[in-house]
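Printed here is entry_37.txt (compact mmCIF, C-alpha atoms):
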# COMPACT_ATOMS: atom_id res chain seq x y z
CA MET A 1 101.80 16.58 131.66
CA ALA A 2 104.10 19.56 132.29
CA CYS A 3 103.00 23.01 131.13
CA ALA A 4 105.19 24.70 128.51
CA GLN A 5 106.37 28.04 129.91
CA ASP A 6 108.94 28.91 127.25
CA GLU A 7 109.69 27.94 123.69
CA LEU A 8 109.55 24.24 122.89
CA SER A 9 112.83 22.41 123.13
CA SER A 10 113.64 19.90 120.42
CA GLN A 11 112.93 17.07 122.87
CA ASN A 12 109.53 18.49 123.87
CA LEU A 13 108.61 19.22 120.26
CA HIS A 14 109.38 15.63 119.33
CA LYS A 15 107.18 14.29 122.14
CA ALA A 16 104.37 16.74 121.35
CA TYR A 17 104.49 15.73 117.69
CA VAL A 18 104.14 12.04 118.61
CA ASP A 19 101.39 12.77 121.14
CA ILE A 20 99.29 14.68 118.59
CA TRP A 21 99.53 11.77 116.16
CA HIS A 22 98.60 9.38 118.98
CA HIS A 23 95.54 11.45 119.98
CA SER A 24 94.46 11.77 116.35
CA LEU A 25 94.43 7.99 115.97
CA PHE A 26 92.80 7.25 119.34
CA HIS A 27 89.41 6.35 117.88
CA ILE A 28 90.94 3.51 115.87
CA LYS A 29 91.52 1.45 119.01
CA SER A 30 87.86 1.24 120.02
CA THR A 31 86.65 0.62 116.47
CA ALA A 32 89.30 -2.08 115.97
CA VAL A 33 88.21 -3.87 119.16
CA GLN A 34 84.60 -3.59 118.03
CA CYS A 35 85.58 -5.06 114.65
CA ALA A 36 87.30 -8.02 116.33
CA VAL A 37 84.21 -8.67 118.45
CA GLY A 38 81.90 -8.31 115.44
CA LEU A 39 83.98 -10.87 113.56
CA GLY A 40 83.79 -13.15 116.58
CA ILE A 41 87.56 -13.44 117.04
CA PRO A 42 87.60 -13.78 120.87
CA SER A 43 84.89 -16.45 120.68
CA ALA A 44 86.73 -18.24 117.86
CA ILE A 45 89.96 -18.44 119.85
CA GLN A 46 87.98 -19.73 122.83
CA ARG A 47 86.35 -22.44 120.71
CA LEU A 48 89.75 -23.42 119.29
CA GLY A 49 91.01 -24.27 122.75
CA GLY A 50 92.33 -20.82 123.68
CA ALA A 51 95.11 -20.65 121.08
CA ALA A 52 94.92 -20.07 117.32
CA MET A 53 96.95 -19.04 114.31
CA ILE A 54 95.65 -16.53 111.75
CA SER A 55 94.64 -19.31 109.37
CA ASP A 56 92.63 -20.97 112.15
CA ILE A 57 90.88 -17.69 112.96
CA ILE A 58 89.97 -17.14 109.30
CA THR A 59 88.47 -20.62 109.02
CA GLU A 60 86.55 -20.31 112.29
CA THR A 61 85.17 -16.80 111.70
CA GLY A 62 84.46 -17.02 107.97
CA VAL A 63 86.71 -14.06 107.11
CA HIS A 64 87.62 -14.16 103.41
CA PRO A 65 91.13 -15.65 102.93
CA ALA A 66 92.10 -12.65 100.76
CA LYS A 67 91.94 -10.53 103.92
CA LEU A 68 94.63 -12.57 105.71
CA PRO A 69 97.36 -9.87 105.45
CA TYR A 70 94.96 -7.24 106.81
CA LEU A 71 93.74 -9.49 109.61
CA ARG A 72 97.36 -10.11 110.58
CA ARG A 73 97.87 -6.34 110.90
CA LEU A 74 94.69 -5.94 112.94
CA MET A 75 95.77 -8.70 115.32
CA ARG A 76 99.25 -7.17 115.66
CA MET A 77 97.71 -3.87 116.72
CA LEU A 78 95.25 -5.48 119.15
CA THR A 79 98.03 -7.61 120.62
CA PHE A 80 100.14 -4.51 121.22
CA CYS A 81 97.14 -2.91 122.98
CA GLY A 82 96.70 -5.93 125.27
CA VAL A 83 93.43 -7.23 123.83
CA PHE A 84 95.18 -10.44 122.74
CA CYS A 85 98.60 -11.93 123.42
CA ALA A 86 100.79 -13.90 121.04
CA ASP A 87 103.49 -16.55 121.16
CA GLN A 88 105.82 -16.54 118.18
CA PRO A 89 108.41 -19.30 118.30
CA ASP A 90 111.25 -18.66 115.85
CA GLU A 91 109.99 -17.17 112.56
CA SER A 92 106.69 -19.03 112.46
CA GLU A 93 103.20 -17.52 112.49
CA PRO A 94 102.14 -16.09 115.88
CA ILE A 95 99.80 -18.16 118.01
CA TYR A 96 97.17 -15.84 119.45
CA LYS A 97 95.66 -16.31 122.90
CA LEU A 98 93.09 -14.54 125.02
CA THR A 99 94.01 -11.98 127.67
CA PRO A 100 91.71 -10.93 130.55
CA VAL A 101 90.39 -8.20 128.22
CA SER A 102 89.38 -10.56 125.41
CA HIS A 103 88.11 -13.15 127.92
CA ILE A 104 85.23 -10.79 128.78
CA LEU A 105 84.49 -10.26 125.08
CA VAL A 106 83.77 -13.94 124.41
CA GLN A 107 80.12 -14.11 123.31
CA GLU A 108 79.37 -17.60 124.56
CA ARG A 109 77.74 -17.77 127.97
CA ALA A 110 78.57 -21.47 128.25
CA SER A 111 82.28 -20.57 128.19
CA THR A 112 82.32 -17.47 130.41
CA PRO A 113 79.95 -15.81 132.89
CA TYR A 114 81.03 -12.38 131.66
CA ASP A 115 80.43 -10.89 128.21
CA LEU A 116 80.89 -7.13 127.83
CA SER A 117 80.60 -7.11 124.04
CA ALA A 118 77.29 -5.21 124.27
CA LEU A 119 78.99 -2.44 126.26
CA LEU A 120 81.57 -2.13 123.50
CA ARG A 121 78.82 -1.93 120.90
CA ILE A 122 77.12 0.89 122.84
CA PHE A 123 80.26 3.00 123.25
CA ALA A 124 81.62 2.39 119.75
CA ARG A 125 78.27 2.63 117.95
CA PRO A 126 78.74 5.16 115.14
CA SER A 127 75.26 6.68 115.20
CA THR A 128 74.63 7.04 118.93
CA ALA A 129 78.08 7.15 120.54
CA ILE A 130 80.35 8.74 117.95
CA SER A 131 78.36 10.95 115.57
CA PRO A 132 77.06 13.30 118.32
CA PHE A 133 80.63 14.47 118.94
CA PHE A 134 80.98 15.64 115.35
CA SER A 135 78.74 18.53 116.48
CA MET A 136 80.71 19.33 119.64
CA GLU A 137 82.34 22.54 118.39
CA ALA A 138 79.02 23.94 117.12
CA TRP A 139 77.32 22.87 120.34
CA PHE A 140 79.81 24.84 122.45
CA ARG A 141 79.17 27.95 120.35
CA ASP A 142 75.36 27.67 120.40
CA ALA A 143 73.70 28.73 123.64
CA SER A 144 70.30 27.51 122.46
CA ALA A 145 71.40 23.96 121.68
CA THR A 146 70.12 21.23 123.99
CA THR A 147 72.36 18.15 124.08
CA LEU A 148 74.78 16.61 121.61
CA PHE A 149 72.58 13.52 121.44
CA GLU A 150 69.45 15.52 120.61
CA ILE A 151 71.30 17.52 117.95
CA ALA A 152 72.32 14.25 116.26
CA HIS A 153 69.01 12.38 116.64
CA GLY A 154 66.30 14.92 117.36
CA VAL A 155 65.23 13.03 120.51
CA ASP A 156 66.69 12.22 123.91
CA PRO A 157 68.27 8.77 124.46
CA TRP A 158 65.29 7.48 126.48
CA THR A 159 62.93 8.23 123.59
CA LEU A 160 65.35 6.50 121.20
CA THR A 161 65.14 3.33 123.29
CA LYS A 162 61.45 3.20 122.34
CA ASN A 163 62.15 3.59 118.63
CA ASP A 164 65.38 1.62 118.14
CA ALA A 165 65.00 -1.95 119.35
CA LEU A 166 68.66 -2.89 118.78
CA TYR A 167 69.93 0.17 120.69
CA ASN A 168 67.52 -0.61 123.52
CA GLN A 169 68.64 -4.26 123.62
CA ASP A 170 72.36 -3.45 123.60
CA LEU A 171 71.88 -0.79 126.28
CA ASN A 172 69.98 -3.19 128.55
CA ASP A 173 72.37 -6.10 127.91
CA SER A 174 75.46 -3.97 128.53
CA MET A 175 74.12 -2.53 131.78
CA ALA A 176 73.00 -5.99 132.97
CA MET A 177 76.46 -7.48 132.38
CA ASP A 178 78.18 -4.45 133.89
CA SER A 179 76.01 -4.95 136.97
CA THR A 180 76.89 -8.65 137.10
CA ILE A 181 80.63 -7.91 137.15
CA ILE A 182 80.39 -5.04 139.62
CA MET A 183 78.12 -6.92 142.01
CA ASP A 184 80.33 -10.04 141.92
CA LEU A 185 83.34 -7.93 142.91
CA LEU A 186 81.37 -5.86 145.41
CA LEU A 187 79.85 -8.84 147.20
CA LYS A 188 83.01 -10.95 147.17
CA GLU A 189 85.82 -8.48 147.69
CA VAL A 190 84.73 -5.00 148.77
CA GLY A 191 82.75 -5.62 151.95
CA GLY A 192 79.33 -5.95 150.35
CA THR A 193 78.07 -7.80 153.40
CA ASP A 194 78.51 -4.65 155.49
CA ILE A 195 76.83 -2.45 152.89
CA PHE A 196 73.68 -4.57 152.70
CA HIS A 197 73.71 -5.72 156.35
CA GLY A 198 70.42 -5.25 158.16
CA LEU A 199 68.35 -4.41 155.08
CA ARG A 200 64.92 -5.97 154.71
CA SER A 201 64.04 -4.42 151.35
CA LEU A 202 65.79 -2.66 148.47
CA VAL A 203 64.58 -1.00 145.27
CA ASP A 204 67.01 -0.74 142.34
CA VAL A 205 66.02 2.50 140.59
CA GLY A 206 66.80 2.51 136.88
CA GLY A 207 67.90 -1.07 137.37
CA GLY A 208 67.19 -2.24 133.83
CA HIS A 209 66.88 -6.00 133.57
CA GLY A 210 67.67 -6.46 137.26
CA GLY A 211 71.27 -7.68 137.10
CA ALA A 212 72.27 -5.92 140.31
CA ALA A 213 69.03 -6.61 142.18
CA LYS A 214 69.17 -10.32 141.31
CA ALA A 215 72.76 -10.56 142.55
CA ILE A 216 71.75 -8.90 145.84
CA ALA A 217 68.71 -11.17 146.19
CA ARG A 218 70.85 -14.27 145.64
CA ALA A 219 73.44 -13.15 148.18
CA PHE A 220 70.88 -11.96 150.74
CA PRO A 221 67.70 -14.05 150.35
CA HIS A 222 66.01 -12.24 153.25
CA VAL A 223 66.17 -8.89 151.37
CA LYS A 224 63.08 -8.21 149.25
CA CYS A 225 64.44 -6.71 146.02
CA SER A 226 62.55 -4.83 143.34
CA VAL A 227 63.49 -2.95 140.17
CA LEU A 228 61.95 0.35 139.04
CA ASP A 229 62.40 1.33 135.40
CA LEU A 230 60.58 2.57 132.32
CA GLU A 231 57.99 0.41 130.56
CA GLN A 232 60.12 -0.21 127.44
CA VAL A 233 62.87 -1.58 129.70
CA ILE A 234 60.75 -3.64 132.08
CA SER A 235 58.75 -5.20 129.24
CA GLN A 236 61.88 -6.99 127.98
CA ALA A 237 63.29 -7.96 131.38
CA PRO A 238 63.63 -11.73 131.90
CA SER A 239 61.93 -12.66 135.17
CA ASP A 240 63.11 -15.56 137.31
CA GLY A 241 60.99 -14.75 140.35
CA THR A 242 63.88 -13.45 142.47
CA VAL A 243 62.95 -9.75 142.06
CA GLN A 244 59.80 -7.75 141.40
CA PHE A 245 59.74 -5.45 138.36
CA ILE A 246 57.83 -2.18 138.64
CA CYS A 247 57.11 0.21 135.76
CA GLY A 248 57.49 3.81 136.78
CA ASP A 249 59.25 7.17 136.58
CA MET A 250 61.83 7.87 139.29
CA PHE A 251 61.12 11.60 139.04
CA GLU A 252 57.52 11.01 140.11
CA TYR A 253 57.61 8.15 142.60
CA ILE A 254 59.96 5.54 144.07
CA PRO A 255 58.43 2.57 145.95
CA PRO A 256 59.20 2.44 149.69
CA ALA A 257 62.19 0.32 150.78
CA ASN A 258 64.90 0.25 153.43
CA ALA A 259 67.42 1.23 150.76
CA VAL A 260 67.38 2.74 147.30
CA PHE A 261 70.08 1.48 144.92
CA LEU A 262 71.27 3.78 142.11
CA LYS A 263 73.82 2.30 139.72
CA SER A 264 74.98 4.48 136.80
CA VAL A 265 71.93 6.73 137.19
CA LEU A 266 73.06 10.08 138.58
CA ASN A 267 75.78 10.46 135.95
CA CYS A 268 73.05 10.59 133.27
CA TRP A 269 71.46 13.77 134.68
CA ASN A 270 72.34 17.37 135.51
CA ASP A 271 72.56 18.61 139.09
CA ASP A 272 68.97 19.83 139.32
CA ASP A 273 67.59 16.52 138.10
CA CYS A 274 69.90 14.59 140.45
CA VAL A 275 68.53 16.59 143.39
CA LYS A 276 64.98 15.71 142.30
CA ILE A 277 65.88 12.00 142.07
CA LEU A 278 67.56 12.06 145.48
CA GLN A 279 64.58 13.82 147.02
CA GLN A 280 62.34 11.03 145.73
CA CYS A 281 64.81 8.54 147.23
CA LYS A 282 64.56 10.34 150.56
CA LYS A 283 60.78 10.00 150.52
CA ALA A 284 61.06 6.27 149.82
CA ILE A 285 63.38 5.28 152.69
CA PRO A 286 62.82 5.21 156.47
CA SER A 287 64.82 7.18 159.02
CA ARG A 288 68.52 6.74 159.58
CA GLU A 289 67.72 5.00 162.87
CA ASP A 290 65.71 2.41 160.94
CA GLY A 291 68.52 1.87 158.44
CA GLY A 292 67.27 4.08 155.63
CA LYS A 293 69.96 4.92 153.09
CA VAL A 294 70.74 5.42 149.43
CA ILE A 295 73.44 3.22 147.88
CA ILE A 296 75.04 4.69 144.76
CA VAL A 297 77.44 3.03 142.31
CA ASN A 298 79.09 5.64 140.14
CA VAL A 299 82.37 7.17 139.05
CA VAL A 300 83.77 9.64 141.56
CA VAL A 301 86.44 11.47 139.58
CA GLY A 302 89.74 11.36 141.47
CA HIS A 303 88.81 8.29 143.55
CA GLY A 304 89.90 4.72 142.88
CA ALA A 305 93.16 3.12 141.79
CA LEU A 306 94.67 6.40 140.65
CA ASP A 307 96.85 5.34 137.75
CA ASN A 308 96.75 7.04 134.35
CA VAL A 309 94.38 4.49 132.81
CA VAL A 310 91.83 4.87 135.63
CA LEU A 311 91.95 8.67 135.63
CA GLU A 312 91.78 8.83 131.84
CA THR A 313 88.79 6.46 131.86
CA GLN A 314 87.02 8.66 134.41
CA VAL A 315 87.49 11.91 132.51
CA LEU A 316 86.69 10.29 129.14
CA LEU A 317 83.45 8.99 130.63
CA ASP A 318 82.70 12.49 131.89
CA VAL A 319 83.08 13.98 128.40
CA SER A 320 81.03 11.11 126.94
CA MET A 321 78.16 12.15 129.23
CA MET A 322 78.03 15.49 127.40
CA ARG A 323 75.93 13.61 124.85
CA TYR A 324 73.14 13.70 127.40
CA ARG A 325 72.58 16.05 130.35
CA GLY A 326 74.89 14.14 132.66
CA ALA A 327 78.34 14.32 134.19
CA GLU A 328 80.84 12.23 136.08
CA ARG A 329 81.35 14.19 139.31
CA GLU A 330 84.15 14.88 141.74
CA GLU A 331 83.51 14.37 145.45
CA HIS A 332 82.69 18.04 146.15
CA GLU A 333 80.10 17.97 143.34
CA PHE A 334 78.41 14.93 144.87
CA ARG A 335 78.48 16.65 148.27
CA LYS A 336 76.65 19.63 146.78
CA ILE A 337 73.74 17.62 145.33
CA PHE A 338 73.51 15.48 148.48
CA GLN A 339 73.20 18.58 150.65
CA GLU A 340 70.65 20.20 148.34
CA ALA A 341 68.56 17.02 148.46
CA GLY A 342 68.68 16.95 152.27
CA PHE A 343 71.36 14.32 152.93
CA SER A 344 73.97 15.35 155.48
CA ASP A 345 76.79 12.81 155.15
CA TYR A 346 78.13 10.02 152.96
CA LYS A 347 80.84 7.38 152.67
CA ILE A 348 82.82 6.65 149.48
CA THR A 349 84.44 3.25 148.85
CA PRO A 350 86.34 2.75 145.55
CA ILE A 351 85.47 -0.47 143.69
CA LEU A 352 86.46 -1.98 140.36
CA GLY A 353 89.24 0.51 139.65
CA PHE A 354 87.44 3.54 138.27
CA GLN A 355 84.04 3.30 140.01
CA SER A 356 83.02 3.83 143.64
CA ILE A 357 80.15 2.96 145.92
CA ILE A 358 78.64 5.81 147.91
CA GLU A 359 76.44 5.27 150.95
CA THR A 360 74.39 8.22 152.14
CA PRO A 361 72.02 7.59 155.06
CA LYS A 362 68.81 9.52 155.48
CA ALA A 363 69.45 12.57 157.60
CA GLY A 364 67.63 12.08 160.88
CA GLU A 365 66.49 15.04 162.91
CA ASP A 366 68.92 15.83 165.72
CA LEU A 367 66.56 16.19 168.69
CA ARG A 368 69.34 17.56 170.90
CA SER A 369 70.07 20.39 168.46
CA THR A 370 66.34 21.12 168.18
CA PHE A 371 66.04 21.33 171.97
CA PHE A 372 68.89 23.79 172.33
CA SER A 373 67.59 25.91 169.47
CA VAL A 374 64.30 26.26 171.35
CA VAL A 375 66.12 27.12 174.59
CA ARG A 376 68.17 29.78 172.79
CA SER A 377 65.02 31.41 171.47
CA PHE A 378 63.89 31.97 175.05
CA LEU A 379 67.31 32.77 176.60
CA PRO A 380 69.22 34.83 174.01
CA GLY A 381 71.59 36.24 176.64
CA GLU A 382 72.66 32.92 178.13
CA ARG A 383 74.98 31.72 175.34
CA ASN A 384 77.93 30.88 177.65
CA LEU A 385 75.73 28.79 179.92
CA LEU A 386 74.24 26.95 176.97
CA SER A 387 77.69 26.23 175.57
CA VAL A 388 78.68 24.56 178.82
CA VAL A 389 75.48 22.49 178.79
CA GLU A 390 76.14 21.37 175.18
CA VAL A 391 79.73 20.35 175.93
CA ASN A 392 78.59 18.33 178.91
CA ASN A 393 75.85 16.72 176.81
CA ASN A 394 78.46 15.69 174.20
CA ALA A 395 80.78 14.20 176.80
Mind converting the file's structure to structure tokens?
Amino acid sequence: MACAQDELSSQNLHKAYVDIWHHSLFHIKSTAVQCAVGLGIPSAIQRLGGAAMISDIITETGVHPAKLPYLRRLMRMLTFCGVFCADQPDESEPIYKLTPVSHILVQERASTPYDLSALLRIFARPSTAISPFFSMEAWFRDASATTLFEIAHGVDPWTLTKNDALYNQDLNDSMAMDSTIIMDLLLKEVGGTDIFHGLRSLVDVGGGHGGAAKAIARAFPHVKCSVLDLEQVISQAPSDGTVQFICGDMFEYIPPANAVFLKSVLNCWNDDDCVKILQQCKKAIPSREDGGKVIIVNVVVGHGALDNVVLETQVLLDVSMMRYRGAEREEHEFRKIFQEAGFSDYKITPILGFQSIIETPKAGEDLRSTFFSVVRSFLPGERNLLSVVEVNNNA
């Protein structure tokens, strides 16, 4: 978007006028998609063989026939946005079909392995996702305010998971399905074999119901996988024997493993808390020489398939994390918390468009550097000689 240096031209004014209207109506898209999922429209079209007219959808979903004109308008809007597609031969009623977007909103596991409807419910939920932002202006002006979420609910989101069973269930279900999709892509297409090569054990910290850990265990049966999470999460986790579930607090203790896996964890916390989590990770893993590393799946703002949709998704997610104490970080911001936690290097690999995987091995002590530091302490005047020795040692 170009910056306006002078007075608005008629052309720029026209575009700005349209853009403001567009931004003002932006929330309607997510609530309309949520409405379609709540009515069961993607599932209905799937059950009807993948193609359906409005009258078919009304019959299948139980929508009152008097709402047909309004449902037609809703479907027109969602078709324009790419949630559905439509064939309209001649002047007849459109025949609606699923797109890749609506395919992963079908709520029938027998028909599809992927169902992200719970994720939509979490991000479009009026009380927990939307209402906190009504206080955003006041929050910016109030230095004493904690988080937007706590202003709206009086508690942090982790406490709410104890008190609101539906919120807790949707949160766990959405993260489990998100993990399923990410791990399928990671293991099949993004070199997952290299990332997990040589590991004997892995602990998925904040791993919820174990979607990621189970996928890793299936792909690498020799890797002993466990999940660490809070009691209210672990108590509802379905166990199939492939992973071990451990109740605990990642700020206090992380069980030992070759690798610690953090998916969508660091973005929920501020920098200081992230450093504390990473320091616990460092205690849990062996040396770099023994393969110790932390594997992080998270947004890295500015990395990935850098089209407008990806970048907009990244920065929208960052603002959404203002509800809590978290942030979606740029690379230099990750570098800062890694260094403060005692990790010296990292590797970023973009996956799934807007997310990345970050590998940061445990910093091993450089014995050569330690040796020369000791020598310098005894021979402070021999810097040129020592430089020659170091160069030869690096050769």
List every residue of segment 271-308 of chain A that has an atom at most 10 Å from any atom of segment 335-353 of chain A, and for each one report the closest atom pair and its distance in Å to one decimal, counting all atoms listed in the file, with rows sorted by chain and then by increasing residue number, as CSV.
residue,atom,partner,partner_atom,distance
A:Asp271,CA,A:Ile337,CA,6.4
A:Asp272,CA,A:Ile337,CA,8.0
A:Asp273,CA,A:Ile337,CA,9.6
A:Cys274,CA,A:Ile337,CA,6.9
A:Val275,CA,A:Ala341,CA,5.1
A:Lys276,CA,A:Ala341,CA,7.2
A:Ile277,CA,A:Ala341,CA,8.6
A:Leu278,CA,A:Ala341,CA,5.9
A:Gln279,CA,A:Ala341,CA,5.3
A:Gln280,CA,A:Ala341,CA,9.1
A:Cys281,CA,A:Ala341,CA,9.4
A:Lys282,CA,A:Gly342,CA,8.0
A:Lys293,CA,A:Phe343,CA,9.5
A:Val294,CA,A:Tyr346,CA,9.4
A:Ile295,CA,A:Tyr346,CA,9.7
A:Ile296,CA,A:Ile348,CA,9.3
A:Val297,CA,A:Ile351,CA,8.9
A:Asn298,CA,A:Pro350,CA,9.5
A:Val299,CA,A:Pro350,CA,8.8
A:Val300,CA,A:Pro350,CA,8.4
A:His303,CA,A:Pro350,CA,6.4
A:Gly304,CA,A:Pro350,CA,4.9
A:Ala305,CA,A:Gly353,CA,5.2
A:Leu306,CA,A:Gly353,CA,8.1
A:Asp307,CA,A:Gly353,CA,9.2
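A straight line drawn from atom CA of Ala36 of chain A to atom CA of Arg109 of chain A is 17.9 Å long.
Here the question is which of A:Thr180, A:Ser135, A:Gln314, A:Gln355 gets nearest to Ile104 of chain A using all atoms listed in the file, and that residue is A:Thr180.
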Report summary line: Shortest contact to Trp269 of chain A, candidates A:Phe220, A:Phe354, A:Tyr253, A:Tyr324, atoms counted all atoms listed in the file, goes to A:Tyr324
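You can rank A:Cys268, A:Ile234, A:Met250, A:Val37 by their closest distance to Gln169 of chain A using all atoms listed in the file, and at the top of that list sits A:Ile234.
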Query - Spatial neighbours of segment 75-84 of chain A, 9 Å, all atoms listed in the file, chain gap at least 4 places, as a PyMOL selection string - result: chain A and resi 29+32-33+36+42+54+70-71+96-103
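Taking atom CA of Leu119 of chain A as the reference point, atom CA of Pro157 of chain A is found at 15.6 Å.
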Query raised in the report: segment 210-216 of chain A: which residues within 10 Å, counting all atoms listed in the file, same-chain residues fewer than 2 positions away excluded, as number ranges by chain?
Result: A: 172-173, 175-184, 187, 192-193, 196, 202-208, 218-229, 234, 237-245, 261-263
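With all atoms listed in the file as the atoms that count, the residue of A:Leu311, A:Ile95, A:Ala129, A:Val155 with the shortest distance to Arg72 of chain A is A:Ile95.
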Report task. Calculate how many Å separate atom CA of Leu39 of chain A from atom CA of Pro69 of chain A, rounding to one decimal. Result -> 15.7 Å
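Residues in contact with Trp139 of chain A at up to 12 Å, not including ones fewer than 3 positions away on its chain and judged by all atoms listed in the file, are Pro132, Phe133, Phe134, Ser135, Met136, Asp142, Ala143, Ser144, Ala145, Thr146, Thr147, Leu148, Phe149, Glu150, Ile151, Ala152, Met322 and Arg323 of chain A.
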